[in-house]
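Visitor: So here's model.pdb (PDB, C-alpha atoms).
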```
ATOM      1  CA  GLN A   1      10.138 -16.241  -8.077
ATOM      2  CA  LEU A   2       6.866 -16.394 -10.000
ATOM      3  CA  ARG A   3       6.145 -19.828 -11.400
ATOM      4  CA  VAL A   4       3.965 -19.746 -14.505
ATOM      5  CA  ASP A   5       1.885 -22.684 -15.737
ATOM      6  CA  THR A   6       0.985 -21.762 -19.317
ATOM      7  CA  SER A   7      -1.385 -24.751 -19.469
ATOM      8  CA  HIS A   8      -3.675 -23.116 -16.858
ATOM      9  CA  ALA A   9      -7.089 -22.953 -18.551
ATOM     10  CA  VAL A  10      -8.183 -19.672 -16.930
ATOM     11  CA  PHE A  11      -5.036 -17.554 -17.081
ATOM     12  CA  PHE A  12      -3.976 -18.846 -20.500
ATOM     13  CA  ASP A  13      -7.203 -19.408 -22.433
ATOM     14  CA  HIS A  14      -5.358 -18.260 -25.585
ATOM     15  CA  PRO A  15      -1.669 -17.970 -26.543
ATOM     16  CA  LEU A  16       0.146 -15.044 -24.878
ATOM     17  CA  ASP A  17       3.648 -13.609 -24.977
ATOM     18  CA  HIS A  18       3.383 -11.994 -21.527
ATOM     19  CA  VAL A  19       2.190 -12.771 -18.000
ATOM     20  CA  PRO A  20      -1.510 -11.818 -17.650
ATOM     21  CA  GLY A  21      -2.392  -9.135 -15.101
ATOM     22  CA  MET A  22      -4.853 -11.458 -13.362
ATOM     23  CA  LEU A  23      -2.020 -13.914 -12.749
ATOM     24  CA  LEU A  24       0.046 -11.111 -11.190
ATOM     25  CA  LEU A  25      -2.876 -10.286  -8.879
ATOM     26  CA  GLU A  26      -3.105 -13.946  -7.888
ATOM     27  CA  ALA A  27       0.637 -13.883  -7.149
ATOM     28  CA  ALA A  28       0.086 -10.812  -4.937
ATOM     29  CA  CYS A  29      -2.699 -12.615  -3.092
ATOM     30  CA  GLN A  30      -0.514 -15.673  -2.497
ATOM     31  CA  ALA A  31       2.418 -13.509  -1.384
ATOM     32  CA  VAL A  32       0.210 -11.909   1.273
ATOM     33  CA  ARG A  33      -0.873 -15.306   2.574
ATOM     34  CA  ALA A  34       2.718 -16.599   2.590
ATOM     35  CA  ARG A  35       3.953 -13.913   4.999
ATOM     36  CA  PRO A  36       4.107 -15.441   8.508
ATOM     37  CA  GLU A  37       2.764 -12.287  10.174
ATOM     38  CA  ASN A  38      -0.278 -12.358   7.854
ATOM     39  CA  GLY A  39      -1.260 -15.950   8.569
ATOM     40  CA  ALA A  40      -4.578 -14.916  10.097
ATOM     41  CA  HIS A  41      -5.321 -12.290   7.435
ATOM     42  CA  THR A  42      -6.947 -12.538   4.048
ATOM     43  CA  PRO A  43      -6.640 -10.096   1.122
ATOM     44  CA  VAL A  44      -9.773  -7.969   0.665
ATOM     45  CA  SER A  45      -8.730  -5.083  -1.584
ATOM     46  CA  PHE A  46      -6.128  -4.237  -4.225
ATOM     47  CA  HIS A  47      -4.764  -0.914  -5.434
ATOM     48  CA  THR A  48      -2.543  -1.819  -8.367
ATOM     49  CA  VAL A  49      -0.420   0.036 -10.896
ATOM     50  CA  PHE A  50       0.950  -1.895 -13.870
ATOM     51  CA  HIS A  51       4.103  -0.224 -15.224
ATOM     52  CA  ARG A  52       4.865  -2.537 -18.146
ATOM     53  CA  TYR A  53       4.289  -6.030 -19.497
ATOM     54  CA  ALA A  54       5.858  -8.950 -17.644
ATOM     55  CA  GLU A  55       7.678 -11.107 -20.168
ATOM     56  CA  LEU A  56       7.072 -14.865 -19.995
ATOM     57  CA  HIS A  57      10.679 -15.786 -20.815
ATOM     58  CA  LEU A  58      12.319 -13.746 -18.010
ATOM     59  CA  PRO A  59      12.338 -14.408 -14.235
ATOM     60  CA  LEU A  60       9.854 -12.306 -12.279
ATOM     61  CA  TRP A  61      10.354 -11.788  -8.545
ATOM     62  CA  ILE A  62       7.429 -11.079  -6.232
ATOM     63  CA  GLU A  63       8.473  -9.013  -3.201
ATOM     64  CA  ALA A  64       6.226  -8.381  -0.185
ATOM     65  CA  ALA A  65       6.688  -5.766   2.525
ATOM     66  CA  ARG A  66       4.581  -4.181   5.206
ATOM     67  CA  GLY A  67       2.385  -1.722   3.364
ATOM     68  CA  ALA A  68      -0.041   1.116   3.730
ATOM     69  CA  ASP A  69      -2.080   1.965   6.791
ATOM     70  CA  GLY A  70      -5.648   0.758   7.041
ATOM     71  CA  PRO A  71      -7.565  -2.308   8.135
ATOM     72  CA  GLY A  72      -5.143  -5.168   8.655
ATOM     73  CA  GLY A  73      -2.175  -2.907   8.026
ATOM     74  CA  GLY A  74      -1.911  -3.897   4.393
ATOM     75  CA  VAL A  75       0.946  -5.360   2.401
ATOM     76  CA  ARG A  76       2.920  -3.737  -0.423
ATOM     77  CA  ILE A  77       3.650  -6.161  -3.275
ATOM     78  CA  THR A  78       6.116  -5.397  -6.053
ATOM     79  CA  GLY A  79       6.795  -7.526  -9.129
ATOM     80  CA  VAL A  80      10.336  -7.022 -10.412
ATOM     81  CA  GLN A  81      11.760  -8.223 -13.703
ATOM     82  CA  GLY A  82      15.387  -7.399 -14.388
ATOM     83  CA  GLU A  83      16.017  -3.954 -12.894
ATOM     84  CA  SER A  84      12.445  -2.669 -13.285
ATOM     85  CA  ALA A  85       9.184  -2.874 -11.381
ATOM     86  CA  VAL A  86       6.514  -4.484 -13.543
ATOM     87  CA  PHE A  87       3.696  -3.768 -11.106
ATOM     88  CA  GLU A  88       3.073  -2.477  -7.600
ATOM     89  CA  CYS A  89       0.099  -3.472  -5.523
ATOM     90  CA  GLY A  90      -1.166  -2.326  -2.155
ATOM     91  CA  VAL A  91      -3.188  -5.185  -0.685
ATOM     92  CA  GLY A  92      -5.639  -4.417   2.105
ATOM     93  CA  THR A  93      -6.251  -7.290   4.519
ATOM     94  CA  ARG A  94      -8.623  -8.256   7.284
ATOM     95  CA  GLU A  95      -8.537 -10.930   9.973
ATOM     96  CA  ARG A  96     -10.222 -14.210   9.100
TER      97      ARG A  96
END
```
Show me this structure written as structure tokens.

Guide:
Amino acid sequence: QLRVDTSHAVFFDHPLDHVPGMLLLEAACQAVRARPENGAHTPVSFHTVFHRYAELHLPLWIEAARGADGPGGGVRITGVQGESAVFECGVGTRER
């Protein structure tokens, strides 16, 4: 589950009623690093589609699965809020 710190000076430099896209990309990056099979890999590219705003007051789940072909194999990240995907992100990786 995404944890949001609205006092973060970079992601929340002004009042917002939604989760910023840059915070969702950071969540994708952390989800890649948290997967045991990706321990020696680092994110190097993102292909992202944002479907709708992520609301601050609702739980947002970050799901990671083996993704597209390419260097490092890649990881597919999906952010889900309620019954809907908020964003989908293909993250390319490379070995450290």

Visitor: For this file, the PyMOL selection byres ((chain A and resi 14-19) around 10) selects which residues, as a ChimeraX atom specification?

Guide: /A:2,4,6-7,9-13,20-24,53-58,60

Visitor: Let's have the selection written as a compact mmCIF listing (two decimals), in the frame of the given file, with C-alpha atoms.

Guide:
```
# COMPACT_ATOMS: atom_id res chain seq x y z
CA LEU A 2 6.87 -16.39 -10.00
CA VAL A 4 3.96 -19.75 -14.50
CA THR A 6 0.98 -21.76 -19.32
CA SER A 7 -1.38 -24.75 -19.47
CA ALA A 9 -7.09 -22.95 -18.55
CA VAL A 10 -8.18 -19.67 -16.93
CA PHE A 11 -5.04 -17.55 -17.08
CA PHE A 12 -3.98 -18.85 -20.50
CA ASP A 13 -7.20 -19.41 -22.43
CA PRO A 20 -1.51 -11.82 -17.65
CA GLY A 21 -2.39 -9.14 -15.10
CA MET A 22 -4.85 -11.46 -13.36
CA LEU A 23 -2.02 -13.91 -12.75
CA LEU A 24 0.05 -11.11 -11.19
CA TYR A 53 4.29 -6.03 -19.50
CA ALA A 54 5.86 -8.95 -17.64
CA GLU A 55 7.68 -11.11 -20.17
CA LEU A 56 7.07 -14.86 -20.00
CA HIS A 57 10.68 -15.79 -20.82
CA LEU A 58 12.32 -13.75 -18.01
CA LEU A 60 9.85 -12.31 -12.28
```

Visitor: Evaluate the PyMOL selection byres ((chain A and resi 33) around 12) on the structure here and hand back the selected residues as a PDB file with C-alpha atoms, in the coordinates of the input.

Guide:
```
ATOM      1  CA  GLU A  26      -3.105 -13.946  -7.888  1.00  0.00           C
ATOM      2  CA  ALA A  27       0.637 -13.883  -7.149  1.00  0.00           C
ATOM      3  CA  ALA A  28       0.086 -10.812  -4.937  1.00  0.00           C
ATOM      4  CA  CYS A  29      -2.699 -12.615  -3.092  1.00  0.00           C
ATOM      5  CA  GLN A  30      -0.514 -15.673  -2.497  1.00  0.00           C
ATOM      6  CA  ALA A  31       2.418 -13.509  -1.384  1.00  0.00           C
ATOM      7  CA  VAL A  32       0.210 -11.909   1.273  1.00  0.00           C
ATOM      8  CA  ALA A  34       2.718 -16.599   2.590  1.00  0.00           C
ATOM      9  CA  ARG A  35       3.953 -13.913   4.999  1.00  0.00           C
ATOM     10  CA  PRO A  36       4.107 -15.441   8.508  1.00  0.00           C
ATOM     11  CA  GLU A  37       2.764 -12.287  10.174  1.00  0.00           C
ATOM     12  CA  ASN A  38      -0.278 -12.358   7.854  1.00  0.00           C
ATOM     13  CA  GLY A  39      -1.260 -15.950   8.569  1.00  0.00           C
ATOM     14  CA  ALA A  40      -4.578 -14.916  10.097  1.00  0.00           C
ATOM     15  CA  HIS A  41      -5.321 -12.290   7.435  1.00  0.00           C
ATOM     16  CA  THR A  42      -6.947 -12.538   4.048  1.00  0.00           C
ATOM     17  CA  PRO A  43      -6.640 -10.096   1.122  1.00  0.00           C
ATOM     18  CA  VAL A  44      -9.773  -7.969   0.665  1.00  0.00           C
ATOM     19  CA  ALA A  64       6.226  -8.381  -0.185  1.00  0.00           C
ATOM     20  CA  GLY A  74      -1.911  -3.897   4.393  1.00  0.00           C
ATOM     21  CA  VAL A  75       0.946  -5.360   2.401  1.00  0.00           C
ATOM     22  CA  ILE A  77       3.650  -6.161  -3.275  1.00  0.00           C
ATOM     23  CA  VAL A  91      -3.188  -5.185  -0.685  1.00  0.00           C
ATOM     24  CA  GLY A  92      -5.639  -4.417   2.105  1.00  0.00           C
ATOM     25  CA  THR A  93      -6.251  -7.290   4.519  1.00  0.00           C
ATOM     26  CA  ARG A  94      -8.623  -8.256   7.284  1.00  0.00           C
ATOM     27  CA  GLU A  95      -8.537 -10.930   9.973  1.00  0.00           C
ATOM     28  CA  ARG A  96     -10.222 -14.210   9.100  1.00  0.00           C
TER      29      ARG A  96
END
```

Visitor: Go through A:Leu25, A:His47, A:Glu63, A:Gly90 one by one, measure the shortest atom-to-atom distance of each to Arg76 of chain A using all atoms listed in the file, and give the residue with the smallest value.

Guide: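 Nearest candidate to Arg76 of chain A out of A:Leu25, A:His47, A:Glu63, A:Gly90: A:Gly90.
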
Visitor: Quote the spacing between atom CA of Val86 of chain A and atom CA of Thr48 of chain A in Å to one decimal place.

Guide: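 One can read the atom CA of Val86 of chain A to atom CA of Thr48 of chain A distance as 10.8 Å.
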
Visitor: What is the atom CA of Phe46 of chain A to atom CA of Asp5 of chain A distance in Å?

Guide: 23.2 Å

Visitor: Just to confirm, what's the straight-line distance from atom CA of Gly82 of chain A to atom CA of Ala65 of chain A in Å (one decimal)?

Guide: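 Distance reported for this atom pair: 19.1 Å.
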
Visitor: What would the selection look like, as a list in words, if the PyMOL selection byres ((chain A and resi 51) around 6) were run on the coordinates I just shared?

Guide: Phe50, Arg52, Val86 and Phe87 of chain A

Visitor: Put a box with edges along x, y and z around all the listed atoms of segment 23-29 of chain A, pad it by 8 Å on each side, then give me its centre and sizes in Å, one decimal, as JSON.

Guide:
```
{"center_x": -1.2, "center_y": -12.1, "center_z": -7.9, "size_x": 19.7, "size_y": 19.7, "size_z": 25.7}
```
